[in-house]
$ cat upload.pdb   # PDB, C-alpha atoms
MODEL        1
ATOM      1  CA  MET A 213       7.571 -20.806  25.483
ATOM      2  CA  THR A 214       7.759 -18.814  22.276
ATOM      3  CA  TYR A 215       5.447 -19.293  19.312
ATOM      4  CA  LEU A 216       8.162 -21.202  17.449
ATOM      5  CA  GLU A 217       8.899 -23.395  20.472
ATOM      6  CA  LEU A 218       5.210 -24.228  20.840
ATOM      7  CA  VAL A 219       4.931 -25.235  17.185
ATOM      8  CA  ASN A 220       8.075 -27.372  17.374
ATOM      9  CA  ASP A 221       6.838 -29.022  20.581
ATOM     10  CA  VAL A 222       3.669 -30.073  18.769
ATOM     11  CA  LEU A 223       5.627 -31.231  15.711
ATOM     12  CA  VAL A 224       7.825 -33.455  17.876
ATOM     13  CA  ARG A 225       4.739 -35.037  19.447
ATOM     14  CA  LEU A 226       3.497 -35.744  15.927
ATOM     15  CA  ARG A 227       6.887 -37.284  15.030
ATOM     16  CA  GLU A 228       7.498 -34.552  12.465
ATOM     17  CA  SER A 229      10.665 -32.580  11.781
ATOM     18  CA  THR A 230      11.065 -29.309  13.629
ATOM     19  CA  VAL A 231      11.326 -25.999  11.754
ATOM     20  CA  SER A 232      13.367 -22.818  12.083
ATOM     21  CA  THR A 233      10.347 -20.543  11.558
ATOM     22  CA  VAL A 234       6.615 -21.173  11.969
ATOM     23  CA  GLY A 235       5.860 -20.507   8.310
ATOM     24  CA  GLU A 236       8.649 -22.733   6.996
ATOM     25  CA  THR A 237       6.259 -25.395   5.660
ATOM     26  CA  SER A 238       2.549 -25.508   5.029
ATOM     27  CA  TYR A 239       2.216 -28.071   7.807
ATOM     28  CA  SER A 240       4.129 -26.030  10.382
ATOM     29  CA  ALA A 241       1.963 -23.038   9.442
ATOM     30  CA  LEU A 242      -1.131 -25.185  10.055
ATOM     31  CA  ILE A 243       0.213 -26.208  13.455
ATOM     32  CA  GLY A 244       0.695 -22.499  14.137
ATOM     33  CA  LYS A 245      -3.026 -22.010  13.512
ATOM     34  CA  PHE A 246      -3.814 -24.828  15.948
ATOM     35  CA  VAL A 247      -1.543 -23.218  18.550
ATOM     36  CA  ASN A 248      -3.454 -19.934  18.317
ATOM     37  CA  ASP A 249      -6.803 -21.755  18.416
ATOM     38  CA  ALA A 250      -5.663 -23.596  21.539
ATOM     39  CA  LYS A 251      -4.415 -20.390  23.160
ATOM     40  CA  ARG A 252      -7.726 -18.664  22.525
ATOM     41  CA  GLN A 253      -9.758 -21.558  23.959
ATOM     42  CA  ILE A 254      -7.668 -21.615  27.134
ATOM     43  CA  GLU A 255      -7.917 -17.842  27.545
ATOM     44  CA  ASP A 256     -11.710 -17.994  27.211
ATOM     45  CA  THR A 257     -12.079 -20.715  29.823
ATOM     46  CA  TYR A 258     -10.930 -18.839  32.914
ATOM     47  CA  THR A 259      -9.928 -15.425  34.249
ATOM     48  CA  TRP A 260      -6.199 -16.138  34.202
ATOM     49  CA  ASN A 261      -4.234 -13.684  36.320
ATOM     50  CA  CYS A 262      -1.454 -13.540  33.708
ATOM     51  CA  LEU A 263      -3.911 -11.743  31.402
ATOM     52  CA  SER A 264      -4.868  -9.044  33.909
ATOM     53  CA  GLN A 265      -4.128  -5.377  33.414
ATOM     54  CA  THR A 266      -5.343  -2.059  34.758
ATOM     55  CA  VAL A 267      -6.700   0.693  32.525
ATOM     56  CA  THR A 268      -6.540   4.182  33.998
ATOM     57  CA  ILE A 269      -8.965   6.866  32.893
ATOM     58  CA  LEU A 270      -8.598  10.513  33.881
ATOM     59  CA  THR A 271     -11.943  12.237  33.492
ATOM     60  CA  THR A 272     -12.576  15.714  32.179
ATOM     61  CA  ALA A 273     -15.281  17.977  33.576
ATOM     62  CA  GLY A 274     -18.431  17.755  31.464
ATOM     63  CA  THR A 275     -17.337  14.656  29.498
ATOM     64  CA  HIS A 276     -19.163  11.361  30.050
ATOM     65  CA  SER A 277     -17.703   9.122  27.281
ATOM     66  CA  TYR A 278     -14.254   7.496  27.524
ATOM     67  CA  SER A 279     -12.306   4.691  25.846
ATOM     68  CA  LEU A 280     -10.814   1.675  27.592
ATOM     69  CA  THR A 281      -7.593   2.050  25.650
ATOM     70  CA  GLY A 282      -5.903  -1.181  24.640
ATOM     71  CA  VAL A 283      -8.606  -3.645  25.705
ATOM     72  CA  GLY A 284     -10.289  -4.155  22.343
ATOM     73  CA  GLN A 285     -13.719  -5.757  22.485
ATOM     74  CA  LYS A 286     -13.004  -9.123  24.094
ATOM     75  CA  PHE A 287     -12.303  -8.650  27.792
ATOM     76  CA  ARG A 288     -13.739  -9.076  31.268
ATOM     77  CA  VAL A 289     -13.986  -6.375  33.926
ATOM     78  CA  MET A 290     -12.938  -7.659  37.347
ATOM     79  CA  ASP A 291     -13.291  -4.388  39.243
ATOM     80  CA  ALA A 292     -13.897  -0.705  38.560
ATOM     81  CA  LEU A 293     -12.941   2.011  41.033
ATOM     82  CA  ASN A 294     -13.082   5.768  41.321
ATOM     83  CA  THR A 295      -9.929   6.072  43.423
ATOM     84  CA  THR A 296     -10.180   9.844  43.708
ATOM     85  CA  SER A 297     -13.424   9.524  45.669
ATOM     86  CA  ASN A 298     -12.951   5.973  47.026
ATOM     87  CA  VAL A 299     -16.070   4.823  45.190
ATOM     88  CA  VAL A 300     -16.745   1.410  43.655
ATOM     89  CA  MET A 301     -18.083   1.962  40.128
ATOM     90  CA  GLY A 302     -21.320   0.131  39.396
ATOM     91  CA  ASP A 303     -22.006  -1.485  36.009
ATOM     92  CA  VAL A 304     -25.499  -0.381  34.965
ATOM     93  CA  PRO A 305     -27.625  -1.363  31.937
ATOM     94  CA  PHE A 306     -27.184   0.723  28.804
ATOM     95  CA  THR A 307     -30.875   1.664  28.792
ATOM     96  CA  SER A 308     -30.667   3.074  32.311
ATOM     97  CA  MET A 309     -27.598   5.140  31.443
ATOM     98  CA  ASN A 310     -29.094   6.313  28.151
ATOM     99  CA  ARG A 311     -32.193   7.660  29.890
ATOM    100  CA  LYS A 312     -30.207   9.431  32.580
ATOM    101  CA  LEU A 313     -28.135  11.165  29.917
ATOM    102  CA  ASN A 314     -31.035  12.101  27.623
ATOM    103  CA  PHE A 315     -34.407  12.290  29.390
ATOM    104  CA  VAL A 316     -33.540  14.999  31.924
ATOM    105  CA  THR A 317     -30.756  17.472  32.497
ATOM    106  CA  PRO A 318     -27.810  15.201  33.415
ATOM    107  CA  VAL A 319     -26.358  15.535  36.879
ATOM    108  CA  GLN A 320     -22.709  16.499  37.238
ATOM    109  CA  GLY A 321     -20.773  15.196  40.198
ATOM    110  CA  ILE A 322     -18.693  12.235  41.354
ATOM    111  CA  PRO A 323     -18.865   9.434  38.763
ATOM    112  CA  SER A 324     -20.087   6.208  40.361
ATOM    113  CA  GLU A 325     -21.690   4.260  37.479
ATOM    114  CA  TYR A 326     -20.635   3.129  34.038
ATOM    115  CA  CYS A 327     -21.960   1.215  31.059
ATOM    116  CA  PHE A 328     -20.456   0.022  27.794
ATOM    117  CA  ASN A 329     -21.381   2.011  24.702
ATOM    118  CA  GLY A 330     -19.777   1.263  21.351
ATOM    119  CA  VAL A 331     -16.155   1.340  20.229
ATOM    120  CA  ASP A 332     -13.720   4.040  19.189
ATOM    121  CA  SER A 333     -11.682   4.357  15.982
ATOM    122  CA  SER A 334      -9.107   1.894  17.372
ATOM    123  CA  ASN A 335     -11.848  -0.682  18.058
ATOM    124  CA  ASP A 336     -11.409  -0.243  21.799
ATOM    125  CA  THR A 337     -14.587  -0.394  23.868
ATOM    126  CA  LYS A 338     -16.050   2.899  25.075
ATOM    127  CA  ILE A 339     -17.871   3.550  28.344
ATOM    128  CA  ASP A 340     -20.277   6.193  29.565
ATOM    129  CA  VAL A 341     -19.974   7.304  33.192
ATOM    130  CA  TYR A 342     -22.530   8.942  35.494
ATOM    131  CA  PRO A 343     -22.906  11.370  37.101
ATOM    132  CA  ILE A 344     -21.076  13.311  34.442
ATOM    133  CA  PRO A 345     -17.731  14.266  36.007
ATOM    134  CA  ASP A 346     -17.548  17.757  37.448
ATOM    135  CA  GLY A 347     -13.766  17.634  37.499
ATOM    136  CA  THR A 348     -10.780  15.319  37.149
ATOM    137  CA  TYR A 349     -11.213  11.849  38.671
ATOM    138  CA  THR A 350      -9.004   8.775  38.386
ATOM    139  CA  LEU A 351     -10.990   5.704  37.339
ATOM    140  CA  LEU A 352      -9.273   2.320  37.452
ATOM    141  CA  PHE A 353     -10.625  -0.626  35.474
ATOM    142  CA  ASP A 354      -9.029  -3.973  36.305
ATOM    143  CA  VAL A 355      -9.618  -6.176  33.265
ATOM    144  CA  ILE A 356      -8.719  -9.555  31.833
ATOM    145  CA  VAL A 357      -7.604  -9.126  28.214
ATOM    146  CA  PRO A 358      -6.662 -12.061  25.948
ATOM    147  CA  GLN A 359      -3.237 -11.914  24.343
ATOM    148  CA  ALA A 360      -3.181 -11.056  20.648
ATOM    149  CA  ASN A 361      -2.738 -13.961  18.252
ATOM    150  CA  LEU A 362       0.844 -15.185  18.166
ATOM    151  CA  SER A 363       2.479 -14.195  14.894
ATOM    152  CA  SER A 364       6.196 -13.608  15.552
ATOM    153  CA  ASP A 365       8.397 -16.653  16.165
ATOM    154  CA  SER A 366       9.855 -15.018  19.277
ATOM    155  CA  THR A 367       6.605 -13.983  20.976
ATOM    156  CA  SER A 368       6.051 -15.822  24.269
ATOM    157  CA  VAL A 369       2.622 -17.120  25.187
ATOM    158  CA  LYS A 370       1.161 -15.789  28.444
ATOM    159  CA  VAL A 371      -1.119 -18.666  29.449
ATOM    160  CA  LEU A 372       0.348 -22.004  30.527
ATOM    161  CA  ASP A 373       2.389 -23.301  27.598
ATOM    162  CA  TYR A 374       1.881 -27.011  28.319
ATOM    163  CA  LEU A 375      -1.880 -26.550  28.013
ATOM    164  CA  VAL A 376      -1.431 -24.845  24.646
ATOM    165  CA  THR A 377       0.757 -27.632  23.257
ATOM    166  CA  GLN A 378      -1.543 -30.406  24.501
ATOM    167  CA  SER A 379      -4.644 -28.776  23.013
ATOM    168  CA  ALA A 380      -2.869 -28.000  19.712
ATOM    169  CA  TYR A 381      -1.601 -31.590  19.586
ATOM    170  CA  ALA A 382      -5.157 -32.929  20.001
ATOM    171  CA  ARG A 383      -6.375 -30.625  17.226
ATOM    172  CA  ALA A 384      -3.561 -31.803  14.939
ATOM    173  CA  LEU A 385      -4.485 -35.451  15.560
ATOM    174  CA  ILE A 386      -8.093 -34.731  14.621
ATOM    175  CA  GLU A 387      -6.974 -33.083  11.370
ATOM    176  CA  ARG A 388      -4.499 -35.820  10.450
ATOM    177  CA  GLY A 389      -6.461 -38.862  11.600
ATOM    178  CA  GLU A 390      -5.247 -41.799  13.628
ATOM    179  CA  ASP A 391      -1.793 -43.142  12.806
ATOM    180  CA  GLY A 392      -1.159 -45.802  15.438
ATOM    181  CA  GLY A 393      -0.134 -43.394  18.181
ATOM    182  CA  THR A 394      -2.267 -41.518  20.698
ATOM    183  CA  ASN A 395      -5.760 -41.003  19.320
ATOM    184  CA  SER A 396      -7.397 -37.591  19.293
ATOM    185  CA  ASN A 397     -10.019 -38.466  21.930
ATOM    186  CA  GLU A 398      -7.335 -39.556  24.371
ATOM    187  CA  ALA A 399      -5.250 -36.460  23.676
ATOM    188  CA  TYR A 400      -8.208 -34.134  24.156
ATOM    189  CA  ALA A 401      -9.268 -35.916  27.343
ATOM    190  CA  MET A 402      -5.748 -35.418  28.674
ATOM    191  CA  PHE A 403      -5.970 -31.722  27.793
ATOM    192  CA  ARG A 404      -9.301 -31.309  29.608
ATOM    193  CA  GLY A 405      -7.890 -32.961  32.705
ATOM    194  CA  MET A 406      -4.777 -30.794  32.643
ATOM    195  CA  LEU A 407      -6.867 -27.655  32.112
ATOM    196  CA  ALA A 408      -9.190 -28.495  35.001
ATOM    197  CA  ASP A 409      -6.201 -29.100  37.280
ATOM    198  CA  ALA A 410      -4.603 -25.788  36.290
ATOM    199  CA  ILE A 411      -7.839 -23.873  36.904
ATOM    200  CA  ALA A 412      -8.351 -25.576  40.270
ATOM    201  CA  MET A 413      -4.846 -24.621  41.323
ATOM    202  CA  GLU A 414      -5.151 -20.991  40.216
ATOM    203  CA  SER A 415      -8.606 -20.611  41.779
ATOM    204  CA  THR A 416      -7.127 -21.296  45.230
ATOM    205  CA  ARG A 417      -5.242 -18.009  44.915
ATOM    206  CA  TYR A 418      -8.210 -16.013  43.616
ATOM    207  CA  PRO A 419     -11.350 -17.210  45.466
ATOM    208  CA  GLU A 420     -13.440 -14.400  43.990
ATOM    209  CA  ASP A 421     -13.142 -15.900  40.503
ATOM    210  CA  ASN A 422     -15.732 -18.373  39.291
ATOM    211  CA  PHE A 423     -14.629 -21.821  38.190
ATOM    212  CA  GLU A 424     -16.073 -22.324  34.719
ATOM    213  CA  ALA A 425     -16.908 -25.717  33.267
ATOM    214  CA  VAL A 426     -14.297 -27.161  30.948
TER     215      VAL A 426
ENDMDL
END

$ encode --input "upload.pdb" --output "structure tokens"
Amino acid sequence: MTYLELVNDVLVRLRESTVSTVGETSYSALIGKFVNDAKRQIEDTYTWNCLSQTVTILTTAGTHSYSLTGVGQKFRVMDALNTTSNVVMGDVPFTSMNRKLNFVTPVQGIPSEYCFNGVDSSNDTKIDVYPIPDGTYTLLFDVIVPQANLSSDSTSVKVLDYLVTQSAYARALIERGEDGGTNSNEAYAMFRGMLADAIAMESTRYPEDNFEAV
């Protein structure tokens, strides 16, 4: 569903008039905020496959710092590989990496370790790798990256749309107060049940992922 469709779905549940654009009224704009809040909560709950992407880094000899372009600062690494050398990259503590790079003459060779270290000018997370590459290697980082906040009416949500509408509906009921229909506690309980069911179903396809409490 698109951003506008999500907002109108929630408005219908609230017995409100639908709109032609999310910002048409102050109330539809508020529902738009609830939709984005709901989307973010759902994204944070589980490693949804629809949010996965692969970042490719090509190393340069003598350079140990690289950016994970496009991931921002809120993401999860599922796997990291040096496919040139068929090596699984290990995530090491920053302090360990910092000492290897600064206490002694750093070793150059096949990169097999990484750690996170700051952000670049685009606010994308940077990594240090070790040993410092002695040539060009292809490093693949499989990551889960939340979708940016919905802002355009026509943007489609990536996570399950029915979860977004149910959570946004519960949030709207809390803000408005009870009005003789479904109360907010019931609506939120329904959302939690639906979310748990969706996670249980997806986890059967990805047994390596951890089921997180909802």

$ residues_around --input "upload.pdb" --residues "segment 254-257 of chain A" --least-positions-apart "2" --cutoff "12 Å" --atoms "all atoms listed in the file" --output "PyMOL selection string"
chain A and resi 247-252+259-264+286-288+356-361+369-380+403-404+406-408+410-411+421-426

$ atom_distance --input "upload.pdb" --atom1 "atom CA of Asn310 of chain A" --atom2 "atom CA of Pro343 of chain A"
12.0 Å

$ atom_distance --input "upload.pdb" --atom1 "atom CA of Arg311 of chain A" --atom2 "atom CA of Gly282 of chain A"
28.2 Å

$ atom_distance --input "upload.pdb" --atom1 "atom CA of Gly321 of chain A" --atom2 "atom CA of Thr272 of chain A"
11.5 Å

$ residues_around --input "upload.pdb" --residues "segment 322-336 of chain A" --least-positions-apart "6" --cutoff "10 Å" --atoms "all atoms listed in the file" --output "PyMOL selection string"
chain A and resi 271+276-286+292-294+296-310+342-351

$ closest_residue --input "upload.pdb" --among "A:Glu236, A:Asp365, A:Glu387, A:Asp340" --to "Ile269 of chain A" --atoms "only C-alpha atoms"
A:Asp340

$ closest_residue --input "upload.pdb" --among "A:Ile339, A:Val355, A:Leu216, A:Val234" --to "Met290 of chain A" --atoms "all atoms listed in the file"
A:Val355

$ residues_around --input "upload.pdb" --residues "segment 221-230 of chain A" --least-positions-apart "6" --cutoff "12 Å" --atoms "only C-alpha atoms" --output "NGL selection string"
:A and (213-215 or 236-237 or 239-247 or 250 or 373-396 or 399)

$ closest_residue --input "upload.pdb" --among "A:Met413, A:Leu352, A:Met402, A:Val319" --to "Thr266 of chain A" --atoms "all atoms listed in the file"
A:Leu352

$ decode --input "upload.pdb" --residues "segment 350-363 of chain A" --atoms "all heavy atoms" --output "compact mmCIF listing (two decimals), in the first residue's frame"
# COMPACT_ATOMS: atom_id res chain seq x y z
N THR A 350 36.85 -7.64 -2.82
CA THR A 350 35.41 -7.37 -2.80
C THR A 350 34.85 -7.82 -1.46
O THR A 350 34.91 -9.00 -1.12
CB THR A 350 34.69 -8.11 -3.93
OG1 THR A 350 35.21 -7.67 -5.19
CG2 THR A 350 33.19 -7.82 -3.89
N LEU A 351 34.32 -6.86 -0.71
CA LEU A 351 33.71 -7.14 0.59
C LEU A 351 32.21 -6.94 0.47
O LEU A 351 31.75 -5.89 0.00
CB LEU A 351 34.27 -6.20 1.67
CG LEU A 351 35.80 -6.10 1.78
CD1 LEU A 351 36.17 -5.17 2.94
CD2 LEU A 351 36.45 -7.46 1.94
N LEU A 352 31.45 -7.93 0.86
CA LEU A 352 29.99 -7.86 0.80
C LEU A 352 29.41 -7.82 2.20
O LEU A 352 29.68 -8.71 3.01
CB LEU A 352 29.41 -9.07 0.04
CG LEU A 352 29.86 -9.27 -1.40
CD1 LEU A 352 29.12 -10.47 -2.00
CD2 LEU A 352 29.60 -8.03 -2.24
N PHE A 353 28.61 -6.79 2.47
CA PHE A 353 27.93 -6.66 3.75
C PHE A 353 26.43 -6.78 3.51
O PHE A 353 25.83 -5.93 2.86
CB PHE A 353 28.26 -5.31 4.41
CG PHE A 353 29.64 -5.25 4.99
CD1 PHE A 353 30.74 -5.02 4.18
CD2 PHE A 353 29.84 -5.44 6.34
CE1 PHE A 353 32.02 -4.98 4.71
CE2 PHE A 353 31.11 -5.40 6.89
CZ PHE A 353 32.20 -5.17 6.07
N ASP A 354 25.85 -7.88 4.00
CA ASP A 354 24.40 -8.07 3.92
C ASP A 354 23.78 -7.44 5.14
O ASP A 354 24.06 -7.84 6.28
CB ASP A 354 24.07 -9.56 3.85
CG ASP A 354 24.54 -10.19 2.55
OD1 ASP A 354 24.10 -9.73 1.49
OD2 ASP A 354 25.36 -11.12 2.61
N VAL A 355 22.93 -6.44 4.93
CA VAL A 355 22.41 -5.62 6.03
C VAL A 355 20.89 -5.49 5.95
O VAL A 355 20.29 -5.65 4.88
CB VAL A 355 23.05 -4.22 6.02
CG1 VAL A 355 24.54 -4.31 6.33
CG2 VAL A 355 22.83 -3.52 4.68
N ILE A 356 20.30 -5.22 7.09
CA ILE A 356 18.89 -4.89 7.19
C ILE A 356 18.80 -3.39 7.46
O ILE A 356 19.31 -2.92 8.48
CB ILE A 356 18.20 -5.66 8.33
CG1 ILE A 356 18.33 -7.18 8.12
CG2 ILE A 356 16.73 -5.26 8.44
CD1 ILE A 356 17.59 -7.71 6.92
N VAL A 357 18.19 -2.65 6.54
CA VAL A 357 18.13 -1.20 6.64
C VAL A 357 16.68 -0.73 6.63
O VAL A 357 15.95 -1.00 5.66
CB VAL A 357 18.89 -0.53 5.47
CG1 VAL A 357 18.87 1.00 5.63
CG2 VAL A 357 20.32 -1.03 5.39
N PRO A 358 16.22 -0.06 7.67
CA PRO A 358 14.84 0.45 7.68
C PRO A 358 14.58 1.39 6.52
O PRO A 358 15.47 2.12 6.08
CB PRO A 358 14.74 1.19 9.02
CG PRO A 358 15.80 0.59 9.87
CD PRO A 358 16.92 0.27 8.93
N GLN A 359 13.35 1.36 6.02
CA GLN A 359 12.94 2.28 4.96
C GLN A 359 12.86 3.70 5.52
O GLN A 359 12.50 3.91 6.68
CB GLN A 359 11.57 1.84 4.43
CG GLN A 359 11.03 2.65 3.27
CD GLN A 359 9.66 2.15 2.81
OE1 GLN A 359 9.05 1.31 3.47
NE2 GLN A 359 9.19 2.66 1.70
N ALA A 360 13.20 4.67 4.69
CA ALA A 360 13.08 6.06 5.11
C ALA A 360 11.63 6.39 5.42
O ALA A 360 10.70 5.74 4.90
CB ALA A 360 13.60 6.98 4.01
N ASN A 361 11.41 7.39 6.26
CA ASN A 361 10.05 7.81 6.59
C ASN A 361 9.26 8.07 5.31
O ASN A 361 9.77 8.65 4.35
CB ASN A 361 10.06 9.07 7.43
CG ASN A 361 10.22 8.77 8.91
OD1 ASN A 361 10.12 7.63 9.35
ND2 ASN A 361 10.45 9.80 9.69
N LEU A 362 8.01 7.62 5.31
CA LEU A 362 7.15 7.87 4.16
C LEU A 362 6.80 9.36 4.12
O LEU A 362 6.41 9.94 5.12
CB LEU A 362 5.87 7.04 4.29
CG LEU A 362 6.07 5.53 4.47
CD1 LEU A 362 4.73 4.84 4.67
CD2 LEU A 362 6.81 4.93 3.29
N SER A 363 6.94 9.96 2.96
CA SER A 363 6.64 11.39 2.83
C SER A 363 5.81 11.68 1.59
O SER A 363 4.95 12.55 1.60
CB SER A 363 7.93 12.22 2.80
OG SER A 363 8.78 11.80 1.75
